[in-house]
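File shown here: target_25.pdb, holding PDB, C-alpha atoms.
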ATOM      1  CA  MET A   1      61.347  83.443  90.832  1.00  0.00           C
ATOM      2  CA  ALA A   2      62.931  86.754  89.975  1.00  0.00           C
ATOM      3  CA  ILE A   3      65.276  86.907  87.039  1.00  0.00           C
ATOM      4  CA  GLU A   4      68.733  88.133  87.949  1.00  0.00           C
ATOM      5  CA  LEU A   5      69.983  91.255  86.194  1.00  0.00           C
ATOM      6  CA  ASP A   6      73.241  89.448  85.405  1.00  0.00           C
ATOM      7  CA  ASP A   7      71.322  86.821  83.439  1.00  0.00           C
ATOM      8  CA  LEU A   8      69.494  89.516  81.488  1.00  0.00           C
ATOM      9  CA  ILE A   9      72.760  91.314  80.739  1.00  0.00           C
ATOM     10  CA  ASP A  10      74.134  88.000  79.459  1.00  0.00           C
ATOM     11  CA  GLU A  11      71.080  87.751  77.202  1.00  0.00           C
ATOM     12  CA  ILE A  12      71.804  91.220  75.794  1.00  0.00           C
ATOM     13  CA  GLU A  13      75.385  90.144  75.123  1.00  0.00           C
ATOM     14  CA  ASP A  14      74.072  87.027  73.346  1.00  0.00           C
ATOM     15  CA  ALA A  15      71.635  89.129  71.301  1.00  0.00           C
ATOM     16  CA  LEU A  16      74.484  91.411  70.270  1.00  0.00           C
ATOM     17  CA  ALA A  17      76.671  88.423  69.429  1.00  0.00           C
ATOM     18  CA  ASP A  18      73.857  87.028  67.280  1.00  0.00           C
ATOM     19  CA  GLY A  19      73.524  90.348  65.427  1.00  0.00           C
ATOM     20  CA  ARG A  20      74.532  90.738  61.820  1.00  0.00           C
ATOM     21  CA  ARG A  21      77.371  93.040  60.827  1.00  0.00           C
ATOM     22  CA  MET A  22      76.735  95.606  58.065  1.00  0.00           C
ATOM     23  CA  LEU A  23      79.746  95.914  55.799  1.00  0.00           C
ATOM     24  CA  PHE A  24      81.272  99.337  55.233  1.00  0.00           C
ATOM     25  CA  ILE A  25      78.972 100.989  57.759  1.00  0.00           C
ATOM     26  CA  GLY A  26      80.378  99.485  60.919  1.00  0.00           C
ATOM     27  CA  ARG A  27      76.900  98.936  62.341  1.00  0.00           C
ATOM     28  CA  LEU A  28      75.389  95.868  63.924  1.00  0.00           C
ATOM     29  CA  LEU A  29      71.847  94.760  63.112  1.00  0.00           C
ATOM     30  CA  VAL A  30      70.173  93.166  66.098  1.00  0.00           C
ATOM     31  CA  ASP A  31      66.760  91.683  66.784  1.00  0.00           C
ATOM     32  CA  GLU A  32      64.942  94.725  68.154  1.00  0.00           C
ATOM     33  CA  GLU A  33      62.076  92.681  69.604  1.00  0.00           C
ATOM     34  CA  ARG A  34      64.536  90.450  71.450  1.00  0.00           C
ATOM     35  CA  ILE A  35      66.407  93.428  72.928  1.00  0.00           C
ATOM     36  CA  LEU A  36      63.148  95.180  73.902  1.00  0.00           C
ATOM     37  CA  ASP A  37      61.868  91.977  75.512  1.00  0.00           C
ATOM     38  CA  ILE A  38      65.059  91.690  77.555  1.00  0.00           C
ATOM     39  CA  LEU A  39      64.806  95.348  78.608  1.00  0.00           C
ATOM     40  CA  ASP A  40      61.179  94.813  79.651  1.00  0.00           C
ATOM     41  CA  ARG A  41      62.246  91.845  81.764  1.00  0.00           C
ATOM     42  CA  MET A  42      65.032  93.961  83.270  1.00  0.00           C
ATOM     43  CA  ARG A  43      62.444  96.506  84.361  1.00  0.00           C
ATOM     44  CA  VAL A  44      60.479  93.738  86.042  1.00  0.00           C
ATOM     45  CA  ALA A  45      63.632  92.399  87.671  1.00  0.00           C
ATOM     46  CA  ILE A  46      64.572  95.709  89.298  1.00  0.00           C
ATOM     47  CA  PRO A  47      65.169  94.684  92.871  1.00  0.00           C
ATOM     48  CA  GLU A  48      62.469  94.074  95.388  1.00  0.00           C
ATOM     49  CA  GLU A  49      64.032  96.817  97.513  1.00  0.00           C
ATOM     50  CA  GLN A  50      62.075  99.467  95.628  1.00  0.00           C
ATOM     51  CA  LYS A  51      58.820  97.575  96.159  1.00  0.00           C
ATOM     52  CA  ARG A  52      59.763  97.067  99.791  1.00  0.00           C
ATOM     53  CA  ALA A  53      60.440 100.788 100.163  1.00  0.00           C
ATOM     54  CA  ARG A  54      56.970 101.542  98.807  1.00  0.00           C
ATOM     55  CA  ARG A  55      55.435  99.062 101.268  1.00  0.00           C
ATOM     56  CA  ILE A  56      57.340 100.694 104.132  1.00  0.00           C
ATOM     57  CA  ILE A  57      56.085 104.129 103.117  1.00  0.00           C
ATOM     58  CA  GLN A  58      52.516 102.806 102.913  1.00  0.00           C
ATOM     59  CA  GLU A  59      52.903 101.220 106.351  1.00  0.00           C
ATOM     60  CA  GLN A  60      54.215 104.524 107.704  1.00  0.00           C
ATOM     61  CA  GLU A  61      51.221 106.328 106.218  1.00  0.00           C
ATOM     62  CA  ARG A  62      48.903 103.782 107.857  1.00  0.00           C
ATOM     63  CA  LEU A  63      50.656 104.257 111.195  1.00  0.00           C
ATOM     64  CA  ILE A  64      50.362 108.017 110.861  1.00  0.00           C
ATOM     65  CA  ALA A  65      46.641 107.681 110.167  1.00  0.00           C
ATOM     66  CA  GLU A  66      46.260 105.471 113.243  1.00  0.00           C
ATOM     67  CA  ALA A  67      48.245 107.923 115.343  1.00  0.00           C
ATOM     68  CA  GLU A  68      46.116 110.803 114.103  1.00  0.00           C
ATOM     69  CA  ALA A  69      42.977 108.843 114.990  1.00  0.00           C
ATOM     70  CA  ARG A  70      44.354 108.203 118.492  1.00  0.00           C
ATOM     71  CA  VAL A  71      45.274 111.847 118.880  1.00  0.00           C
ATOM     72  CA  LYS A  72      41.769 112.891 117.832  1.00  0.00           C
ATOM     73  CA  GLN A  73      40.304 110.494 120.381  1.00  0.00           C
ATOM     74  CA  VAL A  74      42.495 112.000 123.109  1.00  0.00           C
ATOM     75  CA  LEU A  75      41.461 115.473 121.983  1.00  0.00           C
ATOM     76  CA  ASP A  76      37.807 114.528 122.140  1.00  0.00           C
ATOM     77  CA  GLU A  77      38.212 112.892 125.538  1.00  0.00           C
ATOM     78  CA  ARG A  78      40.517 115.371 127.256  1.00  0.00           C
ATOM     79  CA  GLY A  79      40.470 118.527 125.159  1.00  0.00           C
ATOM     80  CA  LEU A  80      44.273 118.570 124.806  1.00  0.00           C
ATOM     81  CA  LEU A  81      44.553 120.376 121.486  1.00  0.00           C
ATOM     82  CA  GLU A  82      48.109 121.577 122.002  1.00  0.00           C
ATOM     83  CA  ALA A  83      49.423 118.152 122.975  1.00  0.00           C
ATOM     84  CA  ILE A  84      47.741 116.584 119.972  1.00  0.00           C
ATOM     85  CA  ASN A  85      49.149 119.123 117.528  1.00  0.00           C
ATOM     86  CA  ALA A  86      52.625 118.665 118.977  1.00  0.00           C
ATOM     87  CA  GLU A  87      52.336 114.863 118.708  1.00  0.00           C
ATOM     88  CA  ARG A  88      50.988 115.116 115.174  1.00  0.00           C
ATOM     89  CA  THR A  89      53.884 117.336 114.145  1.00  0.00           C
ATOM     90  CA  ARG A  90      56.387 115.008 115.782  1.00  0.00           C
ATOM     91  CA  LEU A  91      54.899 111.932 114.093  1.00  0.00           C
ATOM     92  CA  LEU A  92      54.823 113.631 110.705  1.00  0.00           C
ATOM     93  CA  GLN A  93      58.422 114.776 111.038  1.00  0.00           C
ATOM     94  CA  HIS A  94      59.521 111.326 112.131  1.00  0.00           C
ATOM     95  CA  ALA A  95      57.622 109.668 109.264  1.00  0.00           C
ATOM     96  CA  GLU A  96      59.032 112.146 106.748  1.00  0.00           C
ATOM     97  CA  GLN A  97      62.563 111.484 107.984  1.00  0.00           C
ATOM     98  CA  GLU A  98      62.101 107.726 107.731  1.00  0.00           C
ATOM     99  CA  ALA A  99      60.470 108.022 104.301  1.00  0.00           C
ATOM    100  CA  ALA A 100      63.343 110.214 103.093  1.00  0.00           C
ATOM    101  CA  GLN A 101      65.853 107.645 104.354  1.00  0.00           C
ATOM    102  CA  VAL A 102      63.993 104.798 102.647  1.00  0.00           C
ATOM    103  CA  ARG A 103      63.722 106.755  99.388  1.00  0.00           C
ATOM    104  CA  ALA A 104      67.396 107.699  99.544  1.00  0.00           C
ATOM    105  CA  GLY A 105      68.360 104.070 100.129  1.00  0.00           C
ATOM    106  CA  ALA A 106      66.163 102.859  97.264  1.00  0.00           C
ATOM    107  CA  ASP A 107      67.475 105.604  94.969  1.00  0.00           C
ATOM    108  CA  GLU A 108      71.074 104.787  95.866  1.00  0.00           C
ATOM    109  CA  TYR A 109      70.522 101.085  95.246  1.00  0.00           C
ATOM    110  CA  ALA A 110      68.833 101.800  91.904  1.00  0.00           C
ATOM    111  CA  ARG A 111      71.692 104.178  91.003  1.00  0.00           C
ATOM    112  CA  GLN A 112      74.268 101.493  91.845  1.00  0.00           C
ATOM    113  CA  VAL A 113      72.432  98.900  89.752  1.00  0.00           C
ATOM    114  CA  LEU A 114      72.118 101.307  86.813  1.00  0.00           C
ATOM    115  CA  GLU A 115      75.747 102.415  87.094  1.00  0.00           C
ATOM    116  CA  ASP A 116      76.837  98.776  87.112  1.00  0.00           C
ATOM    117  CA  LEU A 117      74.658  98.125  84.075  1.00  0.00           C
ATOM    118  CA  ASP A 118      76.068 101.210  82.354  1.00  0.00           C
ATOM    119  CA  ASP A 119      79.615 100.079  83.110  1.00  0.00           C
ATOM    120  CA  ARG A 120      78.959  96.568  81.834  1.00  0.00           C
ATOM    121  CA  LEU A 121      77.235  97.863  78.695  1.00  0.00           C
ATOM    122  CA  THR A 122      80.088 100.307  78.058  1.00  0.00           C
ATOM    123  CA  LYS A 123      82.574  97.445  78.339  1.00  0.00           C
ATOM    124  CA  LEU A 124      80.415  95.357  76.043  1.00  0.00           C
ATOM    125  CA  VAL A 125      80.192  98.139  73.441  1.00  0.00           C
ATOM    126  CA  THR A 126      83.951  98.662  73.680  1.00  0.00           C
ATOM    127  CA  SER A 127      84.489  94.938  73.203  1.00  0.00           C
ATOM    128  CA  VAL A 128      82.150  94.893  70.211  1.00  0.00           C
ATOM    129  CA  ARG A 129      83.864  97.919  68.664  1.00  0.00           C
ATOM    130  CA  ASN A 130      87.300  96.390  69.242  1.00  0.00           C
ATOM    131  CA  GLY A 131      86.100  93.207  67.595  1.00  0.00           C
ATOM    132  CA  LEU A 132      84.727  95.195  64.682  1.00  0.00           C
ATOM    133  CA  SER A 133      87.931  97.106  64.389  1.00  0.00           C
ATOM    134  CA  THR A 134      89.942  93.894  64.384  1.00  0.00           C
ATOM    135  CA  LEU A 135      87.656  92.294  61.830  1.00  0.00           C
ATOM    136  CA  GLY A 136      87.593  95.432  59.718  1.00  0.00           C
ATOM    137  CA  SER A 137      91.376  95.689  59.603  1.00  0.00           C
ATOM    138  CA  ASP A 138      91.960  91.987  58.810  1.00  0.00           C
ATOM    139  CA  HIS A 139      89.480  91.224  56.080  1.00  0.00           C
ATOM    140  CA  PRO A 140      85.770  91.556  55.370  1.00  0.00           C
ATOM    141  CA  SER A 141      83.643  88.895  57.008  1.00  0.00           C
ATOM    142  CA  PRO A 142      82.416  86.258  54.531  1.00  0.00           C
ATOM    143  CA  LYS A 143      79.167  86.146  56.517  1.00  0.00           C
ATOM    144  CA  HIS A 144      78.225  89.604  55.255  1.00  0.00           C
ATOM    145  CA  ALA A 145      79.912  89.708  51.922  1.00  0.00           C
TER     146      ALA A 145
END
Translate this file's structure into structure tokens.
Amino acid sequence: MAIELDDLIDEIEDALADGRRMLFIGRLLVDEERILDILDRMRVAIPEEQKRARRIIQEQERLIAEAEARVKQVLDERGLLEAINAERTRLLQHAEQEAAQVRAGADEYARQVLEDLDDRLTKLVTSVRNGLSTLGSDHPSPKHA
């Protein structure tokens, strides 16, 4: 099934924890391929809501096409050009409003997920820097000496 973003964030934390500290530079060497793989999987794991929003928009477009076909049929049968244009305009406005709401909801959800990720990564970087600072002030790590 879908991989949870929390699990992938944990993997990034593990990858950072497995990184090697560079003495005197204060930098951490990490496995770039591992991090890139995790980021790729995060992209795949972005919630189904965005895919669902796309499906809803496609369904709306299909419904609009059907409505336009019905309107054309009525026009051909009854010659009601004004009624058809008014209905077409109403349907398009309604579909645009719904599509805008779906997009806004998907964008907001994506923004919340990314802000949460940013917050967690900021905390992780702060934690790593604090750890480095503590290690740097105590004594050099024998692992990197």
Would you kindly return, as an MDAnalysis selection string, each protein, DNA or RNA residue with an atom no farther than 9 Å from any atom of Ile64 in chain A, considering all atoms listed in the file and excluding same-chain residues fewer than 4 positions away?
chainID A and resid 59:60 68:69 88 91:92 95
Expansion of the PyMOL selection byres ((chain A and resi 113) around 12) into residues, as JSON, numbers by chain:
{"A": [4, 5, 6, 9, 42, 43, 45, 46, 47, 49, 50, 106, 107, 108, 109, 110, 111, 112, 114, 115, 116, 117, 118, 119, 120]}
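Proximity of A:Ala53, A:Val44, A:Leu135, A:Leu28 to Gly105 in chain A, computed with all atoms listed in the file, is greatest for A:Ala53.
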Using only C-alpha atoms, find the one residue out of A:Leu121, A:Thr89, A:Ser133, A:Arg52 that sits nearest to Glu11 in chain A.
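When distances to Glu11 in chain A are compared using only C-alpha atoms, the smallest one comes from A:Leu121.
Distance annotation: of A:Val30, A:Leu23, A:Leu63, A:Ala17, the residue with the minimal separation from Val128 in chain A is A:Ala17; atom set is all atoms listed in the file.
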Two-atom distance - CA of Thr126 in chain A, CA of Ile35 in chain A (Å):
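Between these atoms lies a distance of 18.3 Å.
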To one decimal in Å, tell me the separation between CA of Asn130 in chain A and CA of Asp37 in chain A.
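A separation of 26.6 Å between them.
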Correct to one decimal, the distance CA of Arg34 in chain A-CA of Ala15 in chain A is 7.2 Å
